[in-house]
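**Student:** What follows is a structure written as structure tokens; I'll ask about it next.
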Amino acid sequence: MKRFAIKDYGKAADVFEEIEASSREVDATHVRVEVKAFGVNPYDVSVRLGNMKSFRPLKFPYVLGNDSAGIVTEIGADIKNVAVGDAVIAHSVGGANGEELVLPGHKLIKKPEKMSFAQAAGFVTPWITAYNMVTHLLGNQIGEIVMVQGASGSVGSLLVQLLKANGKKVLATASSRNEAYVRELGADEFSAYDKEDAGERFAETADTVIDGTKGGRSSASGVKIMKTGGNYVALNQLPEDQSKAGNYLHFGPSKDYSDLEALEKLVALYEKDAIQIKMADSLPFTLASVIKAHEMLEGHPPAGKIVIERV
Ligand SMILES: NC(=O)c1ccc[n+]([C@@H]2O[C@H](COP(=O)([O-])OP(=O)(O)OC[C@H]3O[C@@H](n4cnc5c(N)ncnc54)[C@H](OP(=O)(O)O)[C@@H]3O)[C@@H](O)[C@H]2O)c1
């Protein structure tokens, strides 16, 4: 089976290669999925560049990709939640950049029929991140007014929709080119970071500020927006200056969070038309596409997910 692997850390065009891999066995608790689409995330770019090698060393060739959707082709004896032939949404620890994936049964869920494979693959990490941050990291302490910085991003756009579904007032920042899109998501107030300092306009306004920008670029303005004693959540690094009183939290994936719970909530909201994912590009299932997707993510692509899809 065909997979796209990296042979070392480095530039996408230098390190990606197509490999022919043998299939893994499926034990009692695992499921085999024929991948129809996989999503590409800023996380994949960081791993490929070696930014995480000190705490997450890789054995090469390594197959990236945590987000996919496809068809179940084999199930272990203990699997009850899906059957052979089901279309599923899958969250794996790597391995999704290829034709086939074997993963534990609690890491996938049946895909709603009206959700395309590309959309399903696009939702996975951004949704699991948004859901666990709001539901588990913040929970009841989130307050009523929440600022989402990077609201046009994959994580940010889902945060806006989830917070609106939870009845919150949502303030949002993104670039001016994405204002109409972010307002359509339901944001109550919008500030373009390329036109003004949201920190001045919304100073001391939000119970919780979430920095969902790529690379965490808005911390100084975010801290100003946080009410004194409020919550500041970073997807990347926390602000260096934390002299203002507040609850400074870093969000990261945790084994304490259940993928199945997050995916069940996604399916429920999707069935009610309460959550959508914007697609920026769907590229064909080739090595050149994987390289292109990584290069696009290293720049400043249009809002939406970049997905690789088999037709
Ligand atoms: N800790 C975790 O568990 C976790 C999980 C998922 C993601 N992340 C990280 O979270 C970040 C967002 O991920 P994503 O998938 O949502 O990325 P994304 O879709 O590329 O979104 C990036 C966001 O950053 C904004 N942005 C880009 N340049 C900016 C700048 N110079 N100043 C302010 N905002 C800027 C973009 O706004 P415009 O396009 O409108 O300019 C967009 O809203 C990434 O750094 C990712 O690695 C962390």
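Each chain in the structure tokens gets a letter, A, B and so on, in the order shown; residues start at 1 in every chain, and ligands are counted from 1 in the order they appear.
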Could you name the residues that touch range 218-220 of chain A at 8 Å or less, counting only C-alpha atoms, but leaving out those on the same chain fewer than 3 positions away, as a ChimeraX atom specification?
**Tutor:** /A:149,199,211,213,223-224,238-239
**Student:** Please return as a PyMOL selection string the residues found within 8 Å of ligand 1, counting only C-alpha atoms and all ligand atoms.
**Tutor:** chain A and resi 41-43+46+125-126+129+149-157+173-179+193-194+212-218+234-236+250-253+297+300-305
**Student:** Quick one: residues within 10 Å of range 134-139 of chain A, only C-alpha atoms, excluding same-chain residues fewer than 6 positions away - as JSON, numbers by chain?
**Tutor:** {"A": [159, 162, 163, 166, 208, 210, 231, 233, 249, 250, 251, 252, 256, 257, 262]}
**Student:** Next, write the just-selected residues to a file, as a short mmCIF file (atom, residue, chain, number, x, y, z; two decimals), in the first residue's frame, keeping all heavy atoms as the atom set.
**Tutor:**
```
data_model
loop_
_atom_site.label_atom_id
_atom_site.label_comp_id
_atom_site.auth_asym_id
_atom_site.auth_seq_id
_atom_site.Cartn_x
_atom_site.Cartn_y
_atom_site.Cartn_z
N LEU A 159 -14.02 27.05 17.25
CA LEU A 159 -14.24 27.64 18.58
C LEU A 159 -15.40 28.63 18.54
O LEU A 159 -16.27 28.60 19.41
CB LEU A 159 -12.97 28.37 19.05
CG LEU A 159 -11.87 27.52 19.67
CD1 LEU A 159 -10.58 28.34 19.81
CD2 LEU A 159 -12.30 26.97 21.04
N LEU A 162 -18.67 26.69 18.29
CA LEU A 162 -18.98 25.95 19.52
C LEU A 162 -19.40 26.90 20.64
O LEU A 162 -20.38 26.65 21.36
CB LEU A 162 -17.75 25.12 19.95
CG LEU A 162 -17.86 24.37 21.27
CD1 LEU A 162 -19.02 23.37 21.26
CD2 LEU A 162 -16.54 23.65 21.59
N LEU A 163 -18.68 28.02 20.75
CA LEU A 163 -19.01 28.98 21.81
C LEU A 163 -20.40 29.59 21.57
O LEU A 163 -21.16 29.79 22.52
CB LEU A 163 -17.94 30.08 21.88
CG LEU A 163 -16.59 29.59 22.40
CD1 LEU A 163 -15.48 30.60 22.07
CD2 LEU A 163 -16.64 29.34 23.91
N ASN A 166 -22.92 27.27 22.61
CA ASN A 166 -23.00 27.24 24.08
C ASN A 166 -23.56 28.55 24.65
O ASN A 166 -23.55 28.75 25.87
CB ASN A 166 -21.60 27.00 24.68
CG ASN A 166 -21.11 25.58 24.45
OD1 ASN A 166 -21.83 24.74 23.94
ND2 ASN A 166 -19.86 25.31 24.81
N THR A 208 -12.61 35.24 29.05
CA THR A 208 -11.59 34.29 28.56
C THR A 208 -11.08 34.77 27.22
O THR A 208 -11.87 35.18 26.36
CB THR A 208 -12.20 32.88 28.40
OG1 THR A 208 -12.56 32.38 29.70
CG2 THR A 208 -11.22 31.92 27.76
N ILE A 210 -8.73 33.35 24.04
CA ILE A 210 -8.07 32.17 23.48
C ILE A 210 -7.21 32.62 22.31
O ILE A 210 -7.72 33.20 21.34
CB ILE A 210 -9.11 31.13 22.99
CG1 ILE A 210 -10.01 30.70 24.15
CG2 ILE A 210 -8.39 29.93 22.37
CD1 ILE A 210 -11.22 29.86 23.73
N ASN A 231 -9.28 34.34 32.21
CA ASN A 231 -8.50 33.21 31.68
C ASN A 231 -7.83 33.61 30.38
O ASN A 231 -8.45 34.25 29.52
CB ASN A 231 -9.42 32.02 31.35
CG ASN A 231 -10.26 31.59 32.52
OD1 ASN A 231 -9.73 31.25 33.57
ND2 ASN A 231 -11.58 31.64 32.35
N VAL A 233 -5.85 31.51 27.37
CA VAL A 233 -5.48 30.16 26.92
C VAL A 233 -4.66 30.27 25.65
O VAL A 233 -5.07 30.94 24.69
CB VAL A 233 -6.73 29.30 26.63
CG1 VAL A 233 -6.32 27.88 26.28
CG2 VAL A 233 -7.68 29.30 27.82
N LEU A 249 -3.24 29.53 30.88
CA LEU A 249 -3.32 28.10 30.63
C LEU A 249 -2.79 27.76 29.24
O LEU A 249 -3.13 28.44 28.26
CB LEU A 249 -4.79 27.63 30.69
CG LEU A 249 -5.55 27.87 31.97
CD1 LEU A 249 -7.06 27.74 31.73
CD2 LEU A 249 -5.10 26.87 33.02
N HIS A 250 -2.02 26.70 29.16
CA HIS A 250 -1.63 26.20 27.85
C HIS A 250 -2.52 25.01 27.52
O HIS A 250 -2.73 24.14 28.37
CB HIS A 250 -0.15 25.76 27.84
CG HIS A 250 0.25 25.16 26.53
ND1 HIS A 250 0.29 23.80 26.32
CD2 HIS A 250 0.57 25.75 25.35
CE1 HIS A 250 0.62 23.58 25.05
NE2 HIS A 250 0.81 24.73 24.45
N PHE A 251 -3.06 24.97 26.30
CA PHE A 251 -3.83 23.78 25.92
C PHE A 251 -2.96 22.83 25.12
O PHE A 251 -2.24 23.23 24.20
CB PHE A 251 -5.06 24.15 25.05
CG PHE A 251 -5.79 22.90 24.64
CD1 PHE A 251 -6.72 22.33 25.49
CD2 PHE A 251 -5.47 22.24 23.45
CE1 PHE A 251 -7.34 21.13 25.16
CE2 PHE A 251 -6.10 21.04 23.11
CZ PHE A 251 -7.04 20.49 23.96
N GLY A 252 -3.03 21.57 25.46
CA GLY A 252 -2.37 20.54 24.68
C GLY A 252 -3.19 19.27 24.73
O GLY A 252 -4.04 19.11 25.61
N ASP A 256 -6.26 12.15 29.00
CA ASP A 256 -7.48 12.25 29.82
C ASP A 256 -8.71 12.60 28.98
O ASP A 256 -9.84 12.46 29.43
CB ASP A 256 -7.33 13.33 30.90
CG ASP A 256 -6.26 12.96 31.90
OD1 ASP A 256 -5.94 11.76 31.99
OD2 ASP A 256 -5.74 13.87 32.57
N TYR A 257 -8.49 13.12 27.78
CA TYR A 257 -9.62 13.50 26.93
C TYR A 257 -10.00 12.31 26.05
O TYR A 257 -9.13 11.63 25.50
CB TYR A 257 -9.25 14.68 26.02
CG TYR A 257 -8.79 15.93 26.74
CD1 TYR A 257 -7.76 16.70 26.21
CD2 TYR A 257 -9.38 16.35 27.92
CE1 TYR A 257 -7.33 17.86 26.84
CE2 TYR A 257 -8.95 17.50 28.55
CZ TYR A 257 -7.93 18.25 28.01
OH TYR A 257 -7.51 19.40 28.64
N ALA A 262 -15.53 13.57 22.02
CA ALA A 262 -15.44 14.77 21.19
C ALA A 262 -16.07 14.53 19.82
O ALA A 262 -16.81 15.37 19.30
CB ALA A 262 -13.98 15.20 21.04
#
```
**Student:** Quick check, in Å to one decimal: how far apart do CA of Asn140 in chain A and CA of Gly122 in chain A lie?
**Tutor:** 27.9 Å
**Student:** Taking only C-alpha atoms into account, name the residue in A:Val160, A:Met226, A:Ile6, A:Ala37 that is nearest to Val124 in chain A.
**Tutor:**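 Closest to Val124 in chain A, using only C-alpha atoms: A:Ala37.
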**Student:** Quick one: residues within 10 Å of Lys292 in chain A, only C-alpha atoms counted, chain neighbours fewer than 3 positions away excluded, as a list of chain:residue names?
**Tutor:** A:Ala12, A:Ala13, A:Leu283, A:Thr286, A:Leu287, A:Ala288, A:Ser289, A:Glu295, A:Met296, A:Leu297, A:Glu298, A:Ile306
**Student:** Output N, CA and C atoms for every residue in that selection, as a JSON list (two decimals), in the first residue's frame.
**Tutor:**
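Output (again00.json):
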```json
[["chain", "number", "residue", "atom", "x", "y", "z"],
["A", 12, "ALA", "N", 9.96, 20.37, 2.96],
["A", 12, "ALA", "CA", 9.00, 19.39, 2.43],
["A", 12, "ALA", "C", 9.50, 18.76, 1.14],
["A", 13, "ALA", "N", 9.97, 19.58, 0.21],
["A", 13, "ALA", "CA", 10.38, 19.05, -1.10],
["A", 13, "ALA", "C", 11.58, 18.12, -0.99],
["A", 283, "LEU", "N", -6.78, 18.57, -2.57],
["A", 283, "LEU", "CA", -5.74, 18.24, -3.55],
["A", 283, "LEU", "C", -5.74, 16.74, -3.84],
["A", 286, "THR", "N", -1.45, 12.63, -4.22],
["A", 286, "THR", "CA", -0.11, 12.43, -4.81],
["A", 286, "THR", "C", 0.94, 13.00, -3.87],
["A", 287, "LEU", "N", 2.17, 12.58, -4.09],
["A", 287, "LEU", "CA", 3.30, 13.13, -3.31],
["A", 287, "LEU", "C", 3.40, 14.64, -3.53],
["A", 288, "ALA", "N", 3.22, 15.08, -4.77],
["A", 288, "ALA", "CA", 3.32, 16.52, -5.06],
["A", 288, "ALA", "C", 2.28, 17.31, -4.26],
["A", 289, "SER", "N", 1.10, 16.72, -4.07],
["A", 289, "SER", "CA", 0.05, 17.42, -3.30],
["A", 289, "SER", "C", 0.45, 17.56, -1.83],
["A", 295, "GLU", "N", 3.80, 23.27, 1.97],
["A", 295, "GLU", "CA", 4.34, 24.59, 1.59],
["A", 295, "GLU", "C", 3.28, 25.67, 1.75],
["A", 296, "MET", "N", 2.03, 25.34, 1.44],
["A", 296, "MET", "CA", 0.95, 26.33, 1.62],
["A", 296, "MET", "C", 0.82, 26.69, 3.09],
["A", 297, "LEU", "N", 0.86, 25.68, 3.96],
["A", 297, "LEU", "CA", 0.69, 25.95, 5.40],
["A", 297, "LEU", "C", 1.86, 26.75, 5.97],
["A", 298, "GLU", "N", 3.02, 26.65, 5.36],
["A", 298, "GLU", "CA", 4.15, 27.43, 5.85],
["A", 298, "GLU", "C", 4.02, 28.91, 5.48],
["A", 306, "ILE", "N", -6.86, 22.46, 4.30],
["A", 306, "ILE", "CA", -6.25, 21.86, 3.10],
["A", 306, "ILE", "C", -6.27, 20.35, 3.33]]
```
**Student:** List the neighbours of Glu200 in chain A out to 9 Å using only C-alpha atoms; skip same-chain residues closer than 3 positions along the sequence, and give me the result as a list in words.
**Tutor:**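 Counting only C-alpha atoms, the residues come to Glu196, Asp197, Ala203, Ser221, Lys224 and Ile225 of chain A.
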**Student:** Could you work out how far CA of Ala120 in chain A lies from CA of Val15 in chain A, giving the answer in Å with one decimal?
**Tutor:** 27.4 Å
**Student:** Report as a Markdown table the residues of range 12-59 of chain A within 7 Å of range 92-106 of chain A, each with its shortest atom pair and distance in Å (one decimal), using only C-alpha atoms, ordered by chain and increasing residue number.
**Tutor:**
```
| residue | atom | partner | partner_atom | distance |
| --- | --- | --- | --- | --- |
| A:Arg24 | CA | A:Val102 | CA | 6.8 |
| A:Val26 | CA | A:Val102 | CA | 6.8 |
| A:Thr29 | CA | A:Pro104 | CA | 5.8 |
| A:His30 | CA | A:Pro104 | CA | 4.3 |
| A:Val31 | CA | A:Leu103 | CA | 5.5 |
| A:Arg32 | CA | A:Val102 | CA | 4.5 |
| A:Val33 | CA | A:Leu101 | CA | 5.2 |
| A:Glu34 | CA | A:Glu100 | CA | 4.6 |
| A:Val35 | CA | A:Glu99 | CA | 5.2 |
| A:Phe38 | CA | A:Ala96 | CA | 6.3 |
```
**Student:** What lies within 10 Å of Val82 in chain A using only C-alpha atoms, ignoring chain neighbours under 3 positions off, as a PyMOL selection string?
**Tutor:** chain A and resi 31+72+74-75+79+85-88+105-106+108-110
**Student:** Give the strand (DSSP E or B) residues of range 106-263 of chain A, as DSSP finds them on the backbone, and put them as a PyMOL selection string.
**Tutor:** chain A and resi 108-110+145-149+169-174+189-192+206-211+226-234+247-250
**Student:** From a backbone DSSP assignment, name each residue in range 54-282 of chain A labelled helix (DSSP H, G or I), as number ranges by chain.
**Tutor:** A: 105-107, 117-142, 154-165, 176-185, 198-201, 219-225, 259-271
**Student:** Under the rule that only C-alpha atoms are counted, which of A:Ala21, A:Tyr232, A:Glu264, A:Lys168 is the nearest residue to Ala90 in chain A?
**Tutor:**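 Counting only C-alpha atoms, the residue closest to Ala90 in chain A is A:Glu264.
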**Student:** Contacts of Val267 in chain A at 12 Å or less, counting only C-alpha atoms, minus same-chain residues fewer than 5 places along, as a list in words?
**Tutor:**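 The neighbour list is Val88, Ile89, Leu108, Ile109, Lys110, Lys111, Pro112, Glu113, Lys114, Met115, Gln119, Ala120, Phe123, Val124, Trp127, Ile128, Leu260, Glu261, Ala262, Lys272, Asp273, Ala274, Ile275 and Gln276 of chain A.
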**Student:** Could you write out the selected residues, including N, CA and C atoms, as a compact mmCIF listing (two decimals), in the first residue's frame?
**Tutor:**
```txt
# COMPACT_ATOMS: atom_id res chain seq x y z
N VAL A 88 -16.15 6.38 8.04
CA VAL A 88 -15.78 6.83 9.39
C VAL A 88 -14.89 8.07 9.37
N ILE A 89 -14.87 8.73 10.53
CA ILE A 89 -13.94 9.83 10.82
C ILE A 89 -12.92 9.23 11.78
N LEU A 108 -12.31 6.30 16.44
CA LEU A 108 -13.07 6.60 15.22
C LEU A 108 -14.56 6.49 15.46
N ILE A 109 -15.30 7.13 14.55
CA ILE A 109 -16.75 7.18 14.69
C ILE A 109 -17.36 7.16 13.29
N LYS A 110 -18.60 6.69 13.19
CA LYS A 110 -19.29 6.69 11.89
C LYS A 110 -19.50 8.12 11.42
N LYS A 111 -19.25 8.35 10.16
CA LYS A 111 -19.37 9.68 9.57
C LYS A 111 -20.82 9.92 9.15
N PRO A 112 -21.38 11.11 9.45
CA PRO A 112 -22.71 11.41 8.91
C PRO A 112 -22.67 11.36 7.38
N GLU A 113 -23.77 10.88 6.79
CA GLU A 113 -23.78 10.69 5.33
C GLU A 113 -23.53 11.99 4.57
N LYS A 114 -24.13 13.09 5.08
CA LYS A 114 -24.01 14.34 4.31
C LYS A 114 -22.65 15.03 4.49
N MET A 115 -21.84 14.53 5.42
CA MET A 115 -20.49 15.10 5.60
C MET A 115 -19.57 14.41 4.60
N GLN A 119 -14.45 16.94 4.26
CA GLN A 119 -14.86 17.71 5.44
C GLN A 119 -14.55 16.93 6.71
N ALA A 120 -14.86 15.63 6.69
CA ALA A 120 -14.66 14.80 7.87
C ALA A 120 -13.19 14.81 8.28
N PHE A 123 -12.15 18.17 9.86
CA PHE A 123 -12.65 18.50 11.19
C PHE A 123 -11.74 18.01 12.34
N VAL A 124 -11.05 16.88 12.14
CA VAL A 124 -10.61 16.07 13.28
C VAL A 124 -9.80 16.83 14.36
N TRP A 127 -11.33 20.24 15.57
CA TRP A 127 -12.51 20.07 16.42
C TRP A 127 -12.14 19.51 17.79
N ILE A 128 -11.33 18.46 17.80
CA ILE A 128 -10.98 17.83 19.09
C ILE A 128 -10.29 18.88 19.99
N LEU A 260 -13.59 9.77 21.39
CA LEU A 260 -14.95 9.34 21.03
C LEU A 260 -15.98 10.36 21.52
N GLU A 261 -15.79 10.85 22.75
CA GLU A 261 -16.72 11.86 23.29
C GLU A 261 -16.72 13.10 22.39
N ALA A 262 -15.53 13.57 22.02
CA ALA A 262 -15.44 14.77 21.19
C ALA A 262 -16.07 14.53 19.82
N LYS A 272 -27.29 18.75 13.42
CA LYS A 272 -28.23 19.86 13.67
C LYS A 272 -27.88 21.10 12.85
N ASP A 273 -26.91 20.98 11.94
CA ASP A 273 -26.41 22.12 11.14
C ASP A 273 -25.85 23.23 12.02
N ALA A 274 -25.30 22.88 13.18
CA ALA A 274 -24.76 23.89 14.10
C ALA A 274 -23.25 24.05 13.94
N ILE A 275 -22.62 23.25 13.10
CA ILE A 275 -21.16 23.36 12.93
C ILE A 275 -20.79 23.02 11.49
N GLN A 276 -19.87 23.83 10.95
CA GLN A 276 -19.40 23.58 9.58
C GLN A 276 -17.89 23.72 9.56
```
**Student:** CA of Gly186 in chain A and CA of Asp67 in chain A are how many Å apart?
**Tutor:** 25.7 Å
**Student:** Taking only C-alpha atoms into account, which of A:Gln161, A:Thr205, A:Gln237, A:Asn132 comes nearest Ser254 in chain A?
**Tutor:** A:Asn132
